[in-house]
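As stored in upload_5.cif (mmCIF, C-alpha atoms):
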```cif
data_query
loop_
_atom_site.label_atom_id
_atom_site.label_comp_id
_atom_site.auth_asym_id
_atom_site.auth_seq_id
_atom_site.Cartn_x
_atom_site.Cartn_y
_atom_site.Cartn_z
CA MET A 1 57.40 -113.99 -84.65
CA VAL A 2 57.12 -117.02 -82.38
CA ARG A 3 56.93 -119.37 -85.38
CA ILE A 4 59.97 -117.70 -86.98
CA SER A 5 61.87 -117.98 -83.72
CA VAL A 6 61.00 -121.67 -83.43
CA LEU A 7 62.02 -122.29 -87.07
CA PHE A 8 65.32 -120.50 -86.49
CA THR A 9 65.97 -122.63 -83.42
CA ILE A 10 65.23 -125.85 -85.34
CA CYS A 11 67.52 -124.85 -88.22
CA ALA A 12 70.28 -123.87 -85.83
CA SER A 13 69.94 -127.21 -84.05
CA LEU A 14 70.14 -129.08 -87.35
CA ALA A 15 73.22 -127.10 -88.35
CA LEU A 16 74.88 -127.90 -85.05
CA SER A 17 74.00 -131.58 -85.50
CA VAL A 18 75.49 -131.67 -89.01
CA ASN A 19 78.62 -129.86 -87.85
CA ALA A 20 78.98 -132.25 -84.93
CA GLN A 21 78.74 -135.25 -87.24
CA THR A 22 81.26 -133.71 -89.63
CA ALA A 23 83.61 -132.82 -86.79
CA LYS A 24 83.78 -136.47 -85.75
CA LYS A 25 85.35 -137.41 -89.07
CA GLU A 26 88.82 -136.00 -88.64
CA ILE A 27 90.63 -137.43 -91.67
CA GLY A 28 94.11 -136.55 -92.88
CA LEU A 29 95.90 -136.89 -96.19
CA GLN A 30 99.47 -138.00 -96.83
CA LEU A 31 100.70 -135.46 -99.37
CA TRP A 32 102.77 -138.12 -101.14
CA SER A 33 99.38 -138.99 -102.68
CA VAL A 34 99.52 -135.73 -104.67
CA ARG A 35 103.29 -135.39 -104.94
CA ASP A 36 103.35 -134.21 -108.56
CA ASP A 37 100.68 -131.60 -107.88
CA MET A 38 102.58 -130.39 -104.80
CA GLY A 39 105.71 -130.03 -106.92
CA LYS A 40 103.90 -127.94 -109.53
CA ASP A 41 101.61 -125.81 -107.35
CA ALA A 42 101.79 -126.42 -103.60
CA ALA A 43 99.47 -123.54 -102.67
CA GLY A 44 96.81 -124.48 -105.21
CA THR A 45 96.93 -128.15 -104.24
CA ILE A 46 96.62 -127.38 -100.53
CA ALA A 47 93.59 -125.20 -101.29
CA GLN A 48 91.92 -128.10 -103.14
CA ILE A 49 92.64 -130.53 -100.28
CA GLY A 50 91.15 -128.18 -97.71
CA GLU A 51 88.06 -127.57 -99.83
CA MET A 52 87.49 -131.35 -100.17
CA GLY A 53 87.06 -131.72 -96.44
CA TYR A 54 90.33 -133.16 -95.22
CA THR A 55 91.17 -131.69 -91.82
CA PHE A 56 94.93 -132.24 -91.57
CA VAL A 57 97.90 -133.37 -93.63
CA GLU A 58 101.07 -135.37 -93.38
CA ALA A 59 103.94 -133.98 -95.42
CA ALA A 60 106.40 -135.92 -97.55
CA GLY A 61 108.48 -133.00 -98.71
CA TYR A 62 110.94 -131.97 -96.01
CA ALA A 63 114.46 -131.00 -97.09
CA ASP A 64 117.05 -128.49 -95.94
CA GLY A 65 114.85 -127.00 -93.25
CA LYS A 66 111.87 -126.40 -95.54
CA PHE A 67 108.65 -128.13 -96.60
CA TYR A 68 108.20 -128.31 -100.34
CA GLY A 69 110.70 -125.47 -100.56
CA ILE A 70 108.63 -123.30 -98.19
CA GLU A 71 109.77 -122.03 -94.79
CA PRO A 72 108.18 -123.93 -91.86
CA ALA A 73 106.07 -121.08 -90.46
CA GLU A 74 104.95 -120.08 -93.95
CA PHE A 75 103.92 -123.64 -94.81
CA LYS A 76 101.98 -123.95 -91.57
CA ALA A 77 100.21 -120.65 -92.35
CA LEU A 78 99.31 -121.91 -95.83
CA LEU A 79 97.72 -125.02 -94.34
CA ASN A 80 95.88 -123.12 -91.62
CA LYS A 81 94.56 -120.63 -94.17
CA ASN A 82 92.89 -123.56 -95.92
CA GLY A 83 91.44 -125.10 -92.76
CA LEU A 84 94.15 -127.75 -92.38
CA ASP A 85 96.36 -128.68 -89.45
CA PHE A 86 99.93 -129.87 -89.92
CA LEU A 87 99.87 -133.12 -87.97
CA SER A 88 102.85 -135.09 -89.17
CA SER A 89 105.73 -135.38 -91.58
CA HIS A 90 107.51 -138.24 -93.30
CA THR A 91 111.24 -137.74 -93.23
CA GLY A 92 114.29 -139.47 -91.87
CA HIS A 93 117.90 -140.46 -92.14
CA PRO A 94 119.53 -143.88 -92.60
CA VAL A 95 121.08 -145.48 -89.53
CA PRO A 96 124.58 -144.01 -89.02
CA ASP A 97 127.76 -145.86 -88.19
CA ALA A 98 129.88 -144.82 -85.22
CA ALA A 99 131.91 -142.38 -87.30
CA SER A 100 128.86 -140.48 -88.57
CA TRP A 101 126.70 -140.69 -85.44
CA ASP A 102 127.29 -137.10 -84.24
CA GLU A 103 126.74 -135.68 -87.72
CA THR A 104 123.46 -137.57 -88.03
CA MET A 105 122.30 -136.43 -84.61
CA LYS A 106 123.04 -132.85 -85.67
CA TRP A 107 120.90 -133.44 -88.77
CA TRP A 108 118.10 -134.59 -86.49
CA ASP A 109 118.46 -131.54 -84.24
CA ASP A 110 117.96 -129.25 -87.23
CA CYS A 111 115.14 -131.39 -88.57
CA ILE A 112 113.27 -131.41 -85.26
CA ASP A 113 113.63 -127.64 -84.88
CA ALA A 114 112.18 -127.07 -88.35
CA HIS A 115 109.23 -129.32 -87.55
CA LEU A 116 108.74 -127.59 -84.23
CA ALA A 117 108.57 -124.25 -86.05
CA ALA A 118 105.90 -125.70 -88.32
CA GLY A 119 103.81 -126.95 -85.39
CA VAL A 120 104.17 -130.63 -86.31
CA LYS A 121 103.13 -133.22 -83.69
CA TYR A 122 104.70 -136.32 -85.27
CA ILE A 123 107.84 -137.06 -87.28
CA VAL A 124 107.64 -140.44 -88.99
CA GLN A 125 110.56 -142.21 -90.65
CA PRO A 126 108.97 -143.77 -93.74
CA SER A 127 111.47 -146.56 -94.46
CA MET A 128 114.85 -148.11 -93.70
CA ASP A 129 117.87 -148.67 -95.91
CA GLN A 130 119.42 -152.09 -96.57
CA TYR A 131 120.63 -152.43 -92.96
CA GLY A 132 117.06 -152.67 -91.78
CA TYR A 133 116.64 -155.78 -93.91
CA GLY A 134 119.99 -157.38 -93.18
CA SER A 135 120.99 -159.34 -90.09
CA LEU A 136 119.25 -159.23 -86.75
CA GLN A 137 122.20 -157.25 -85.43
CA ASP A 138 121.71 -154.67 -88.18
CA LEU A 139 118.03 -154.41 -87.29
CA LYS A 140 118.98 -153.94 -83.64
CA ARG A 141 121.14 -151.00 -84.72
CA TYR A 142 118.02 -149.44 -86.23
CA CYS A 143 115.96 -150.04 -83.07
CA ASP A 144 118.64 -148.44 -80.88
CA TYR A 145 118.88 -145.57 -83.34
CA PHE A 146 115.12 -145.01 -83.36
CA ASN A 147 115.08 -144.98 -79.56
CA ALA A 148 117.76 -142.25 -79.62
CA VAL A 149 115.87 -140.19 -82.20
CA GLY A 150 112.63 -140.64 -80.29
CA GLU A 151 114.30 -139.33 -77.14
CA LYS A 152 115.42 -136.24 -79.05
CA CYS A 153 111.90 -135.69 -80.40
CA ASN A 154 110.36 -136.14 -76.95
CA ALA A 155 112.61 -133.42 -75.59
CA LYS A 156 110.98 -130.96 -78.03
CA GLY A 157 107.42 -132.21 -77.54
CA ILE A 158 107.22 -134.15 -80.80
CA ARG A 159 106.41 -137.86 -81.17
CA PHE A 160 108.64 -140.04 -83.33
CA GLY A 161 107.45 -143.06 -85.24
CA TYR A 162 108.09 -145.56 -88.01
CA HIS A 163 105.98 -146.38 -91.08
CA ASN A 164 106.01 -149.90 -92.51
CA HIS A 165 105.93 -151.35 -95.99
CA ASP A 166 105.62 -155.08 -96.69
CA LYS A 167 109.28 -156.11 -96.31
CA GLU A 168 109.14 -155.66 -92.53
CA PHE A 169 107.00 -158.80 -92.36
CA GLY A 170 109.73 -161.05 -93.66
CA GLU A 171 111.76 -163.10 -91.19
CA VAL A 172 115.36 -163.00 -90.02
CA ASP A 173 116.61 -165.85 -87.83
CA GLY A 174 113.03 -167.04 -87.46
CA ILE A 175 111.80 -163.66 -86.15
CA ILE A 176 109.43 -161.37 -88.04
CA ARG A 177 111.26 -158.06 -88.46
CA TYR A 178 108.26 -155.94 -87.52
CA ASP A 179 107.76 -157.91 -84.29
CA TYR A 180 111.42 -157.46 -83.42
CA MET A 181 111.09 -153.70 -83.96
CA LEU A 182 108.00 -153.50 -81.77
CA GLN A 183 109.71 -155.52 -79.04
CA ASN A 184 112.99 -153.61 -79.13
CA THR A 185 111.83 -150.00 -79.28
CA ASP A 186 110.68 -148.07 -76.24
CA PRO A 187 106.93 -147.27 -76.48
CA LYS A 188 107.62 -143.94 -74.75
CA LYS A 189 110.04 -142.99 -77.51
CA VAL A 190 108.81 -144.75 -80.65
CA MET A 191 105.26 -145.17 -81.91
CA PHE A 192 104.31 -147.07 -85.06
CA GLN A 193 102.32 -145.75 -87.98
CA MET A 194 100.81 -148.88 -89.45
CA ASP A 195 100.12 -148.90 -93.16
CA VAL A 196 97.17 -151.29 -93.24
CA TYR A 197 97.57 -152.00 -96.96
CA TRP A 198 101.26 -152.91 -96.84
CA ILE A 199 100.87 -155.19 -93.83
CA THR A 200 98.13 -156.99 -95.77
CA VAL A 201 100.39 -157.31 -98.81
CA GLY A 202 103.04 -158.65 -96.41
CA GLY A 203 100.68 -161.49 -95.51
CA LYS A 204 99.78 -160.35 -92.00
CA ASP A 205 96.60 -159.21 -90.27
CA PRO A 206 96.57 -155.64 -88.94
CA VAL A 207 93.98 -156.44 -86.28
CA ALA A 208 96.08 -159.32 -84.96
CA TYR A 209 98.91 -156.83 -84.44
CA PHE A 210 96.58 -154.40 -82.67
CA LYS A 211 95.74 -157.17 -80.22
CA LYS A 212 99.32 -158.39 -79.81
CA TYR A 213 100.81 -154.91 -79.35
CA PRO A 214 97.98 -152.75 -77.99
CA GLY A 215 98.50 -149.03 -77.92
CA ARG A 216 101.52 -148.96 -80.23
CA PHE A 217 99.83 -147.73 -83.41
CA GLU A 218 98.98 -144.07 -82.86
CA ILE A 219 98.48 -143.32 -86.55
CA LEU A 220 97.06 -145.56 -89.26
CA HIS A 221 97.66 -145.17 -92.97
CA ILE A 222 94.33 -146.10 -94.52
CA LYS A 223 95.23 -147.33 -97.96
CA ASP A 224 94.02 -149.66 -100.69
CA LYS A 225 95.61 -150.88 -103.92
CA LYS A 226 94.31 -147.71 -105.55
CA GLU A 227 91.40 -145.59 -104.28
CA LEU A 228 89.86 -146.71 -100.98
CA GLY A 229 87.42 -149.57 -101.48
CA GLU A 230 88.59 -150.15 -105.03
CA SER A 231 90.24 -153.55 -104.68
CA GLY A 232 87.85 -155.40 -102.40
CA MET A 233 90.83 -156.85 -100.53
CA MET A 234 90.71 -154.51 -97.53
CA ASN A 235 88.29 -155.03 -94.64
CA PHE A 236 88.28 -151.45 -93.41
CA GLU A 237 85.26 -151.93 -91.17
CA ARG A 238 87.10 -154.57 -89.14
CA ILE A 239 90.18 -152.35 -88.90
CA PHE A 240 88.20 -149.33 -87.70
CA ALA A 241 86.36 -151.46 -85.15
CA ALA A 242 89.70 -152.39 -83.57
CA LYS A 243 91.50 -149.04 -83.73
CA LYS A 244 90.84 -148.24 -80.06
CA LYS A 245 92.78 -151.39 -79.15
CA ALA A 246 95.53 -150.22 -81.48
CA GLY A 247 95.81 -146.91 -79.63
CA THR A 248 95.01 -145.04 -82.83
CA LYS A 249 94.56 -141.29 -82.51
CA TYR A 250 94.65 -140.29 -86.18
CA ILE A 251 93.81 -141.80 -89.56
CA ILE A 252 95.54 -140.70 -92.74
CA VAL A 253 94.55 -141.51 -96.31
CA GLU A 254 97.31 -142.40 -98.72
CA VAL A 255 96.87 -143.23 -102.41
CA GLU A 256 99.93 -144.40 -104.33
CA GLN A 257 98.36 -145.87 -107.47
CA TYR A 258 95.41 -144.40 -109.30
CA ASN A 259 92.47 -145.02 -111.60
CA PHE A 260 92.03 -141.26 -111.96
CA ASP A 261 94.12 -138.13 -111.66
CA PRO A 262 95.67 -138.12 -108.16
CA ILE A 263 93.62 -135.16 -106.95
CA VAL A 264 90.43 -136.97 -108.00
CA SER A 265 91.58 -140.22 -106.40
CA VAL A 266 92.17 -138.60 -103.01
CA GLN A 267 88.74 -136.96 -103.17
CA LYS A 268 87.06 -140.30 -103.98
CA SER A 269 88.97 -141.92 -101.10
CA LEU A 270 87.78 -139.22 -98.70
CA GLU A 271 84.19 -139.65 -99.89
CA PHE A 272 84.50 -143.40 -99.26
CA LEU A 273 85.35 -142.77 -95.60
CA MET A 274 82.81 -139.97 -95.20
CA ASN A 275 80.07 -142.33 -96.42
CA ALA A 276 81.19 -145.23 -94.20
CA ASP A 277 79.07 -145.52 -91.04
CA TYR A 278 81.91 -147.26 -89.18
CA VAL A 279 84.16 -144.20 -89.52
CA LYS A 280 83.35 -141.96 -86.58
#
```

Structure re-expressed in structure tokens:
Amino acid sequence: MVRISVLFTICASLALSVNAQTAKKEIGLQLWSVRDDMGKDAAGTIAQIGEMGYTFVEAAGYADGKFYGIEPAEFKALLNKNGLDFLSSHTGHPVPDAASWDETMKWWDDCIDAHLAAGVKYIVQPSMDQYGYGSLQDLKRYCDYFNAVGEKCNAKGIRFGYHNHDKEFGEVDGIIRYDYMLQNTDPKKVMFQMDVYWITVGGKDPVAYFKKYPGRFEILHIKDKKELGESGMMNFERIFAAKKKAGTKYIIVEVEQYNFDPIVSVQKSLEFLMNADYVK
């Protein structure tokens, strides 16, 4: 009986150790990675993502108060049923002119309420329209707009942020657009979700930005040309080593191009991070 008791204790300790190691690797998935699957069978796709070992998701399917055509509370329940949290959502609205400002702010009120009902912590605008890539004055309009939206989100307990592509690293009047955005948005109202692949494509170093603007990058999109580790162009170990300086709280996998079916590609990308010692 003593030997059995000791063996049970050892096994339980090992199980706790394994669970503790697994718990450290909180990794999310941007659902744009499996957009076609979500369109065909959202419930089945979510079940597969949860079974893989992802722990939370970021949506890319908000419209008319629903997520992928599903009511907010129902979508949250679907995620939770499959062991997933609903961390964040990509959605947004182009910068309004003076005439459409109130209408756009009303759109944001409804949007924020829907996300609040779904338990979302972050709303991230995934891109800008042509005004974001026009004159410096146009870009300033976007920064002022984002500050206003961020203030609205703060009032409901949600963080607002912006996600980059590569065009933000071009210059206007000798100023890099992304730097201007970082310098002209209020850190209390606007965080940045850095896409580490697109900044690399844009010719800039993500770690240099972590050091120049510490604490601004609360979420990172961990991405490669296809599956993670596929291209050899991304130094993920260096990025992960600097994420504390960046202020990063969450990492999210996104796959936009594929060597395999999308659902296989996101699983291979998760396995890449799970097997990486530098991912804690």

Return as JSON, numbers by chain the set of residues that the PyMOL selection byres ((chain A and resi 184-190) around 9) yields on the displayed structure.
-> {"A": [140, 143, 144, 146, 147, 148, 149, 150, 151, 152, 153, 154, 159, 160, 161, 162, 179, 180, 181, 182, 183, 191, 192, 215, 216]}

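You will find atom CA of Ser88 of chain A at 22.5 Å from atom CA of Phe272 of chain A.
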
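Residues matching the PyMOL selection byres ((chain A and resi 58-67) around 9) in this structure come to Gly28, Leu29, Gln30, Leu31, Trp32, Arg35, Met38, Phe56, Val57, Tyr68, Gly69, Ile70, Glu71, Pro72, Phe75, Phe86, Leu87, Ser88, Ser89, His90, Thr91, Asp110, Cys111, Asp113, Ala114, His115, Tyr122 and Ile252 of chain A.
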
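Nearest residue to Lys76 of chain A among A:Met274, A:Val266, A:Ala118, A:Met105 is A:Ala118, counting all atoms listed in the file.
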
Taking the file above as input, evaluate the PyMOL selection byres ((chain A and resi 235-250) around 6) and report the hits as a ChimeraX atom specification.
-> /A:210,214-215,217-219,234,251

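We find atom CA of Tyr197 of chain A and atom CA of Lys223 of chain A to be spaced 5.3 Å apart.
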
Reconstructed N, CA and C atoms for segment 232-246 of chain A, given as a short mmCIF file (atom, residue, chain, number, x, y, z; two decimals), in the coordinates of the input:
```cif
data_model
loop_
_atom_site.label_atom_id
_atom_site.label_comp_id
_atom_site.auth_asym_id
_atom_site.auth_seq_id
_atom_site.Cartn_x
_atom_site.Cartn_y
_atom_site.Cartn_z
N GLY A 232 88.63 -154.36 -103.05
CA GLY A 232 87.85 -155.40 -102.40
C GLY A 232 88.66 -156.29 -101.48
N MET A 233 89.96 -156.01 -101.36
CA MET A 233 90.83 -156.85 -100.53
C MET A 233 90.97 -156.34 -99.10
N MET A 234 90.51 -155.13 -98.83
CA MET A 234 90.71 -154.51 -97.53
C MET A 234 89.41 -154.49 -96.72
N ASN A 235 89.44 -155.06 -95.53
CA ASN A 235 88.29 -155.03 -94.64
C ASN A 235 88.43 -153.84 -93.69
N PHE A 236 88.10 -152.67 -94.19
CA PHE A 236 88.28 -151.45 -93.41
C PHE A 236 87.36 -151.41 -92.18
N GLU A 237 86.18 -151.96 -92.31
CA GLU A 237 85.26 -151.93 -91.17
C GLU A 237 85.87 -152.66 -89.98
N ARG A 238 86.47 -153.79 -90.21
CA ARG A 238 87.10 -154.57 -89.14
C ARG A 238 88.27 -153.81 -88.53
N ILE A 239 89.03 -153.14 -89.38
CA ILE A 239 90.18 -152.35 -88.90
C ILE A 239 89.71 -151.19 -88.02
N PHE A 240 88.70 -150.47 -88.47
CA PHE A 240 88.20 -149.33 -87.70
C PHE A 240 87.58 -149.78 -86.38
N ALA A 241 86.96 -150.95 -86.37
CA ALA A 241 86.36 -151.46 -85.15
C ALA A 241 87.40 -151.76 -84.08
N ALA A 242 88.64 -152.01 -84.51
CA ALA A 242 89.70 -152.39 -83.57
C ALA A 242 90.70 -151.27 -83.30
N LYS A 243 90.46 -150.07 -83.83
CA LYS A 243 91.50 -149.04 -83.73
C LYS A 243 91.68 -148.51 -82.31
N LYS A 244 90.67 -148.63 -81.46
CA LYS A 244 90.84 -148.24 -80.06
C LYS A 244 91.87 -149.14 -79.39
N LYS A 245 91.80 -150.44 -79.68
CA LYS A 245 92.78 -151.39 -79.15
C LYS A 245 94.17 -151.04 -79.65
N ALA A 246 94.25 -150.58 -80.88
CA ALA A 246 95.53 -150.22 -81.48
C ALA A 246 96.15 -148.99 -80.83
#
```
